$ cat upload-v2.txt   # compact mmCIF, C-alpha atoms
# COMPACT_ATOMS: atom_id res chain seq x y z
CA MET A 1 -5.96 106.73 -178.41
CA THR A 2 -8.77 107.75 -176.04
CA CYS A 3 -12.17 106.47 -177.03
CA PRO A 4 -15.15 108.86 -176.93
CA PRO A 5 -18.14 108.04 -174.74
CA PRO A 6 -19.85 104.85 -175.99
CA ALA A 7 -23.01 106.78 -176.85
CA GLN A 8 -21.02 108.74 -179.42
CA ILE A 9 -19.46 105.67 -181.10
CA PRO A 10 -21.29 104.25 -184.14
CA ALA A 11 -22.64 100.72 -183.81
CA LEU A 12 -20.37 99.34 -186.51
CA GLU A 13 -17.34 100.78 -184.74
CA LEU A 14 -18.44 99.21 -181.45
CA LEU A 15 -18.62 95.86 -183.22
CA GLY A 16 -15.32 96.41 -185.01
CA PHE A 17 -11.79 95.36 -184.14
CA GLY A 18 -10.34 98.80 -183.47
CA GLU A 19 -9.29 100.20 -180.11
CA CYS A 20 -12.86 101.22 -179.34
CA GLY A 21 -14.45 98.07 -180.72
CA TRP A 22 -15.48 94.85 -178.99
CA GLY A 23 -15.40 92.61 -182.04
CA ALA A 24 -12.34 90.68 -180.88
CA THR A 25 -13.98 90.03 -177.49
CA LEU A 26 -17.11 88.65 -179.13
CA ILE A 27 -15.14 86.45 -181.56
CA TRP A 28 -13.03 85.13 -178.68
CA GLY A 29 -16.21 84.28 -176.77
CA LEU A 30 -17.65 82.62 -179.88
CA GLY A 31 -14.52 80.50 -180.22
CA ASN A 32 -14.74 79.44 -176.57
CA SER A 33 -18.39 78.48 -177.02
CA ILE A 34 -17.58 76.32 -180.04
CA VAL A 35 -14.65 74.63 -178.26
CA ILE A 36 -16.80 73.76 -175.24
CA ALA A 37 -19.69 72.56 -177.42
CA LEU A 38 -17.37 70.34 -179.48
CA GLY A 39 -15.70 68.89 -176.38
CA ALA A 40 -18.99 68.27 -174.60
CA TYR A 41 -20.59 66.74 -177.68
CA ALA A 42 -17.65 64.39 -178.27
CA LEU A 43 -17.66 63.31 -174.63
CA GLY A 44 -21.42 62.87 -174.74
CA PHE A 45 -21.18 60.75 -177.89
CA ALA A 46 -18.61 58.46 -176.28
CA ILE A 47 -20.83 58.10 -173.21
CA GLY A 48 -23.90 57.65 -175.41
CA ILE A 49 -22.37 54.82 -177.43
CA CYS A 50 -21.37 52.94 -174.28
CA GLY A 51 -24.68 53.72 -172.61
CA ALA A 52 -26.81 52.63 -175.56
CA PHE A 53 -25.06 49.28 -175.97
CA GLY A 54 -25.03 48.84 -172.19
CA LYS A 55 -28.78 49.40 -171.86
CA LEU A 56 -29.51 46.99 -174.70
CA TYR A 57 -26.92 44.26 -174.24
CA GLY A 58 -25.47 44.78 -170.76
CA GLY A 59 -26.17 42.81 -167.63
CA PRO A 60 -28.95 43.64 -165.15
CA ILE A 61 -26.70 45.79 -162.94
CA ALA A 62 -25.35 47.77 -165.89
CA LYS A 63 -28.86 48.36 -167.22
CA ASP A 64 -30.09 49.52 -163.80
CA LEU A 65 -27.14 51.89 -163.29
CA LEU A 66 -27.51 53.35 -166.77
CA GLY A 67 -31.24 53.76 -166.20
CA VAL A 68 -30.59 55.70 -162.99
CA TYR A 69 -27.96 57.83 -164.76
CA THR A 70 -30.16 58.81 -167.70
CA THR A 71 -33.18 59.47 -165.46
CA ILE A 72 -31.39 61.68 -162.94
CA VAL A 73 -29.26 63.64 -165.40
CA ARG A 74 -32.19 64.41 -167.68
CA ALA A 75 -34.26 65.49 -164.68
CA VAL A 76 -31.72 67.93 -163.17
CA PRO A 77 -31.17 71.28 -164.93
CA GLU A 78 -27.72 71.75 -166.46
CA LEU A 79 -27.24 74.94 -164.45
CA VAL A 80 -27.62 73.05 -161.18
CA LEU A 81 -25.10 70.43 -162.33
CA ILE A 82 -22.60 73.16 -163.28
CA LEU A 83 -22.91 74.81 -159.86
CA ILE A 84 -22.61 71.46 -158.07
CA LEU A 85 -19.43 70.48 -159.89
CA PHE A 86 -17.77 73.90 -159.89
CA TYR A 87 -18.59 74.90 -156.31
CA ALA A 88 -19.90 72.03 -154.19
CA PHE A 89 -17.77 69.23 -155.66
CA THR A 90 -14.65 71.41 -155.72
CA GLY A 91 -15.20 72.42 -152.10
CA LEU A 92 -15.64 68.80 -151.03
CA LEU A 93 -12.57 67.72 -152.98
CA ASN A 94 -10.46 70.50 -151.45
CA ASP A 95 -11.59 69.51 -147.94
CA VAL A 96 -10.41 65.97 -148.62
CA LEU A 97 -7.09 67.18 -150.08
CA LEU A 98 -6.43 69.47 -147.12
CA ALA A 99 -7.20 66.63 -144.72
CA TRP A 100 -4.59 64.53 -146.52
CA GLY A 101 -2.04 67.34 -146.48
CA TYR A 102 -2.31 68.45 -150.11
CA ASP A 103 -2.92 71.93 -151.53
CA ARG A 104 -6.25 73.21 -152.78
CA ILE A 105 -7.15 72.90 -156.46
CA GLN A 106 -9.44 74.90 -158.69
CA ILE A 107 -11.21 73.19 -161.56
CA SER A 108 -10.91 75.12 -164.81
CA PRO A 109 -14.24 76.59 -165.99
CA ILE A 110 -13.69 75.20 -169.49
CA ILE A 111 -13.09 71.70 -168.08
CA THR A 112 -16.16 72.12 -165.91
CA GLY A 113 -18.23 73.11 -168.92
CA ILE A 114 -17.04 70.25 -171.09
CA VAL A 115 -17.49 67.63 -168.35
CA VAL A 116 -20.90 68.82 -167.15
CA LEU A 117 -22.39 69.41 -170.58
CA GLY A 118 -20.75 66.18 -171.78
CA VAL A 119 -22.40 64.18 -169.00
CA VAL A 120 -25.74 65.79 -169.83
CA GLN A 121 -25.24 65.13 -173.54
CA GLY A 122 -24.31 61.55 -172.72
CA ALA A 123 -27.65 60.91 -171.02
CA TYR A 124 -29.65 62.22 -173.96
CA GLN A 125 -27.42 60.66 -176.60
CA THR A 126 -27.74 57.30 -174.84
CA GLU A 127 -31.47 57.31 -175.51
CA VAL A 128 -31.13 58.68 -179.06
CA LEU A 129 -28.53 56.08 -179.99
CA ARG A 130 -30.48 53.31 -178.28
CA GLY A 131 -33.44 54.20 -180.47
CA GLY A 132 -31.15 54.20 -183.49
CA ILE A 133 -29.92 50.71 -182.65
CA LEU A 134 -33.47 49.43 -182.17
CA ALA A 135 -34.36 50.81 -185.61
CA VAL A 136 -31.70 48.64 -187.29
CA PRO A 137 -33.50 45.80 -189.10
CA ALA A 138 -33.12 42.63 -187.06
CA GLY A 139 -32.83 40.57 -190.23
CA GLN A 140 -29.55 42.25 -191.20
CA ILE A 141 -28.05 41.51 -187.80
CA GLU A 142 -29.23 37.90 -187.91
CA ALA A 143 -27.87 37.49 -191.44
CA ALA A 144 -24.46 38.82 -190.38
CA ARG A 145 -24.34 36.45 -187.43
CA ALA A 146 -25.44 33.57 -189.64
CA MET A 147 -22.44 34.29 -191.85
CA GLY A 148 -20.20 33.84 -188.82
CA MET A 149 -19.33 37.46 -188.15
CA PRO A 150 -18.03 38.07 -184.61
CA SER A 151 -20.06 40.44 -182.42
CA GLY A 152 -17.48 43.21 -182.76
CA VAL A 153 -17.57 43.03 -186.55
CA VAL A 154 -21.38 42.99 -186.55
CA ALA A 155 -21.38 46.13 -184.41
CA ARG A 156 -18.78 47.90 -186.56
CA ARG A 157 -20.04 46.97 -190.02
CA ILE A 158 -23.79 46.59 -189.52
CA ILE A 159 -25.12 48.20 -186.37
CA LEU A 160 -23.00 51.36 -186.13
CA PRO A 161 -23.47 52.61 -189.72
CA LEU A 162 -27.23 52.02 -189.73
CA MET A 163 -27.62 53.29 -186.18
CA THR A 164 -25.81 56.53 -187.04
CA ALA A 165 -28.06 57.18 -190.03
CA ASN A 166 -31.17 56.56 -187.92
CA ALA A 167 -29.97 58.68 -185.01
CA LEU A 168 -28.63 61.67 -186.96
CA PRO A 169 -31.77 63.86 -186.68
CA GLY A 170 -31.80 63.45 -182.90
CA LEU A 171 -28.04 63.90 -182.65
CA ALA A 172 -28.32 67.07 -184.73
CA ASN A 173 -30.82 68.54 -182.26
CA LEU A 174 -28.52 67.66 -179.36
CA TRP A 175 -25.59 69.41 -181.06
CA LEU A 176 -27.64 72.59 -181.43
CA ASN A 177 -28.62 72.29 -177.77
CA ALA A 178 -24.95 71.95 -176.83
CA THR A 179 -24.04 75.18 -178.64
CA LYS A 180 -26.76 77.05 -176.73
CA ASP A 181 -26.11 75.41 -173.36
CA THR A 182 -22.59 76.89 -173.32
CA ALA A 183 -24.27 80.16 -172.32
CA LEU A 184 -24.92 78.64 -168.88
CA LEU A 185 -21.18 78.80 -168.13
CA ALA A 186 -21.50 82.57 -167.78
CA VAL A 187 -22.66 81.96 -164.19
CA ILE A 188 -19.20 80.68 -163.22
CA GLY A 189 -17.44 83.54 -164.96
CA PHE A 190 -16.25 81.75 -168.08
CA SER A 191 -15.94 84.13 -171.03
CA GLU A 192 -17.99 82.36 -173.66
CA LEU A 193 -20.15 84.31 -176.12
CA THR A 194 -22.95 85.23 -173.72
CA LYS A 195 -20.54 86.39 -171.01
CA ALA A 196 -18.49 88.38 -173.55
CA THR A 197 -21.69 89.99 -174.83
CA TYR A 198 -22.72 90.94 -171.31
CA GLN A 199 -19.30 92.48 -170.61
CA ALA A 200 -19.42 94.55 -173.79
CA SER A 201 -22.99 95.73 -173.32
CA ALA A 202 -22.57 96.46 -169.60
CA THR A 203 -19.46 98.55 -170.29
CA THR A 204 -20.86 100.52 -173.23
CA LYS A 205 -24.59 100.39 -172.33
CA ALA A 206 -25.17 99.55 -176.00
CA PHE A 207 -27.48 96.63 -175.24
CA PHE A 208 -29.35 96.89 -178.55
CA VAL A 209 -26.06 96.64 -180.41
CA PHE A 210 -24.37 93.68 -178.75
CA TYR A 211 -27.25 91.35 -177.90
CA PRO A 212 -28.65 91.33 -181.46
CA ALA A 213 -25.05 90.76 -182.65
CA ALA A 214 -24.75 87.77 -180.31
CA MET A 215 -28.09 86.47 -181.55
CA CYS A 216 -26.79 86.65 -185.13
CA LEU A 217 -23.64 84.74 -184.14
CA TYR A 218 -25.68 81.98 -182.50
CA LEU A 219 -27.90 81.89 -185.59
CA LEU A 220 -24.81 81.62 -187.78
CA ILE A 221 -23.66 78.59 -185.76
CA SER A 222 -27.09 76.97 -186.17
CA LEU A 223 -27.34 77.61 -189.90
CA THR A 224 -23.80 76.38 -190.54
CA SER A 225 -24.40 73.31 -188.38
CA THR A 226 -27.70 72.55 -190.13
CA PHE A 227 -26.01 72.70 -193.53
CA LEU A 228 -23.10 70.47 -192.48
CA ILE A 229 -25.35 67.98 -190.71
CA GLY A 230 -27.52 67.77 -193.82
CA ARG A 231 -24.46 66.83 -195.87
CA ILE A 232 -23.40 64.28 -193.25
CA GLU A 233 -26.87 62.73 -193.18
CA LYS A 234 -26.89 62.49 -196.97
CA TRP A 235 -23.52 60.72 -196.83
CA ALA A 236 -24.64 58.40 -194.01
CA ARG A 237 -27.76 57.38 -195.95
CA ARG A 238 -25.95 56.70 -199.22
CA GLY A 239 -27.23 53.50 -200.78
CA GLN A 240 -30.40 53.55 -198.67
CA ARG A 241 -33.86 54.00 -200.14
CA ASP A 242 -35.33 57.48 -199.67
CA VAL A 243 -38.70 56.98 -197.98
CA ARG A 244 -39.46 60.63 -197.31
CA GLY A 245 -41.61 60.88 -200.44

$ encode --input "upload-v2.txt" --output "structure tokens"
Amino acid sequence: MTCPPPAQIPALELLGFGECGWGATLIWGLGNSIVIALGAYALGFAIGICGAFGKLYGGPIAKDLLGVYTTIVRAVPELVLILILFYAFTGLLNDVLLAWGYDRIQISPIITGIVVLGVVQGAYQTEVLRGGILAVPAGQIEAARAMGMPSGVVARRIILPLMTANALPGLANLWLNATKDTALLAVIGFSELTKATYQASATTKAFFVFYPAAMCLYLLISLTSTFLIGRIEKWARRGQRDVRG
């Protein structure tokens, strides 16, 4: 089947899944965006947990290193970090490999996205989780220790549950930021939602069809995430007094 000129194709058909539609391309890009956001957020949470406890309870060297990490990463734009890792770091690594007699490597764009956005998420989540830990009532921690609970048990049964409830609003904002920051990977050619939208609109010249469609997809992610996070926060705060009035 030969498709007519894009100007003659109805908007719904352009967004459809037929031979002349770009719906499958947009959905594929949406799926890639969600995968990267989930991977980066999970990596950032793991870094954030370690970073928060390290900044509060670690030694002087650990605290200084974590302070440098959170300061630098939050100061440098994510786009610059993506370009450094994908181009500069890869070039440096390949120079070293060639000098040692090995072949060149190419870092996958999806791995680049997850690692870079995960490192960025980790810096922000470190501070959010640190604030959540500081908001845990000291009396509950002291009471647990007075009962003879080991430090690991205190962290697992007292600090982590209360910290999570306190930090959820900030963590929710960081998740929404992660879903939007995936658009930055378009600069290295990765076909996430923004890149897929650009390809469709550049090919068909139907910019006012595809970009509003992409906006609606991002909005759908945000609304769905807000609903789910609200349910999670309600679950995390079960048994706690509602002080919102």

$ residues_near_point --input "upload-v2.txt" --point "(-18.1, 65.9, -174.2)" --cutoff "8 Å" --atoms "only C-alpha atoms" --output "MDAnalysis selection string"
chainID A and resid 37:46 114:115 117:119 121:122

$ closest_residue --input "upload-v2.txt" --among "A:Gly21, A:Leu185, A:Leu12, A:Val120" --to "Ala75 in chain A" --atoms "all atoms listed in the file"
A:Val120

$ residues_near_point --input "upload-v2.txt" --point "(-23.6, 51.9, -175.9)" --cutoff "12 Å" --atoms "only C-alpha atoms" --output "ChimeraX atom specification"
/A:44-58,62-63,66,122-123,125-134,155,159-160,163

$ write_last_selection --input "upload-v2.txt" --atoms "C-alpha atoms" --output "mmCIF file, in the frame of the given file"
data_model
loop_
_atom_site.group_PDB
_atom_site.id
_atom_site.type_symbol
_atom_site.label_atom_id
_atom_site.label_comp_id
_atom_site.auth_asym_id
_atom_site.auth_seq_id
_atom_site.Cartn_x
_atom_site.Cartn_y
_atom_site.Cartn_z
ATOM 1 C CA GLY A 44 -21.420 62.870 -174.740
ATOM 2 C CA PHE A 45 -21.180 60.750 -177.890
ATOM 3 C CA ALA A 46 -18.610 58.460 -176.280
ATOM 4 C CA ILE A 47 -20.830 58.100 -173.210
ATOM 5 C CA GLY A 48 -23.900 57.650 -175.410
ATOM 6 C CA ILE A 49 -22.370 54.820 -177.430
ATOM 7 C CA CYS A 50 -21.370 52.940 -174.280
ATOM 8 C CA GLY A 51 -24.680 53.720 -172.610
ATOM 9 C CA ALA A 52 -26.810 52.630 -175.560
ATOM 10 C CA PHE A 53 -25.060 49.280 -175.970
ATOM 11 C CA GLY A 54 -25.030 48.840 -172.190
ATOM 12 C CA LYS A 55 -28.780 49.400 -171.860
ATOM 13 C CA LEU A 56 -29.510 46.990 -174.700
ATOM 14 C CA TYR A 57 -26.920 44.260 -174.240
ATOM 15 C CA GLY A 58 -25.470 44.780 -170.760
ATOM 16 C CA ALA A 62 -25.350 47.770 -165.890
ATOM 17 C CA LYS A 63 -28.860 48.360 -167.220
ATOM 18 C CA LEU A 66 -27.510 53.350 -166.770
ATOM 19 C CA GLY A 122 -24.310 61.550 -172.720
ATOM 20 C CA ALA A 123 -27.650 60.910 -171.020
ATOM 21 C CA GLN A 125 -27.420 60.660 -176.600
ATOM 22 C CA THR A 126 -27.740 57.300 -174.840
ATOM 23 C CA GLU A 127 -31.470 57.310 -175.510
ATOM 24 C CA VAL A 128 -31.130 58.680 -179.060
ATOM 25 C CA LEU A 129 -28.530 56.080 -179.990
ATOM 26 C CA ARG A 130 -30.480 53.310 -178.280
ATOM 27 C CA GLY A 131 -33.440 54.200 -180.470
ATOM 28 C CA GLY A 132 -31.150 54.200 -183.490
ATOM 29 C CA ILE A 133 -29.920 50.710 -182.650
ATOM 30 C CA LEU A 134 -33.470 49.430 -182.170
ATOM 31 C CA ALA A 155 -21.380 46.130 -184.410
ATOM 32 C CA ILE A 159 -25.120 48.200 -186.370
ATOM 33 C CA LEU A 160 -23.000 51.360 -186.130
ATOM 34 C CA MET A 163 -27.620 53.290 -186.180
#

$ atom_distance --input "upload-v2.txt" --atom1 "CA of Val35 in chain A" --atom2 "CA of Val80 in chain A"
21.5 Å

$ atom_distance --input "upload-v2.txt" --atom1 "CA of Leu171 in chain A" --atom2 "CA of Val153 in chain A"
23.7 Å

$ residues_around --input "upload-v2.txt" --residues "Glu233 in chain A" --least-positions-apart "6" --cutoff "9 Å" --atoms "only C-alpha atoms" --output "list in words"
Thr164, Ala165, Leu168 and Pro169 of chain A

$ closest_residue --input "upload-v2.txt" --among "A:Tyr211, A:Tyr124, A:Tyr198, A:Tyr87" --to "Leu174 in chain A" --atoms "all atoms listed in the file"
A:Tyr124

$ atom_distance --input "upload-v2.txt" --atom1 "CA of Ser151 in chain A" --atom2 "CA of Trp235 in chain A"
25.1 Å
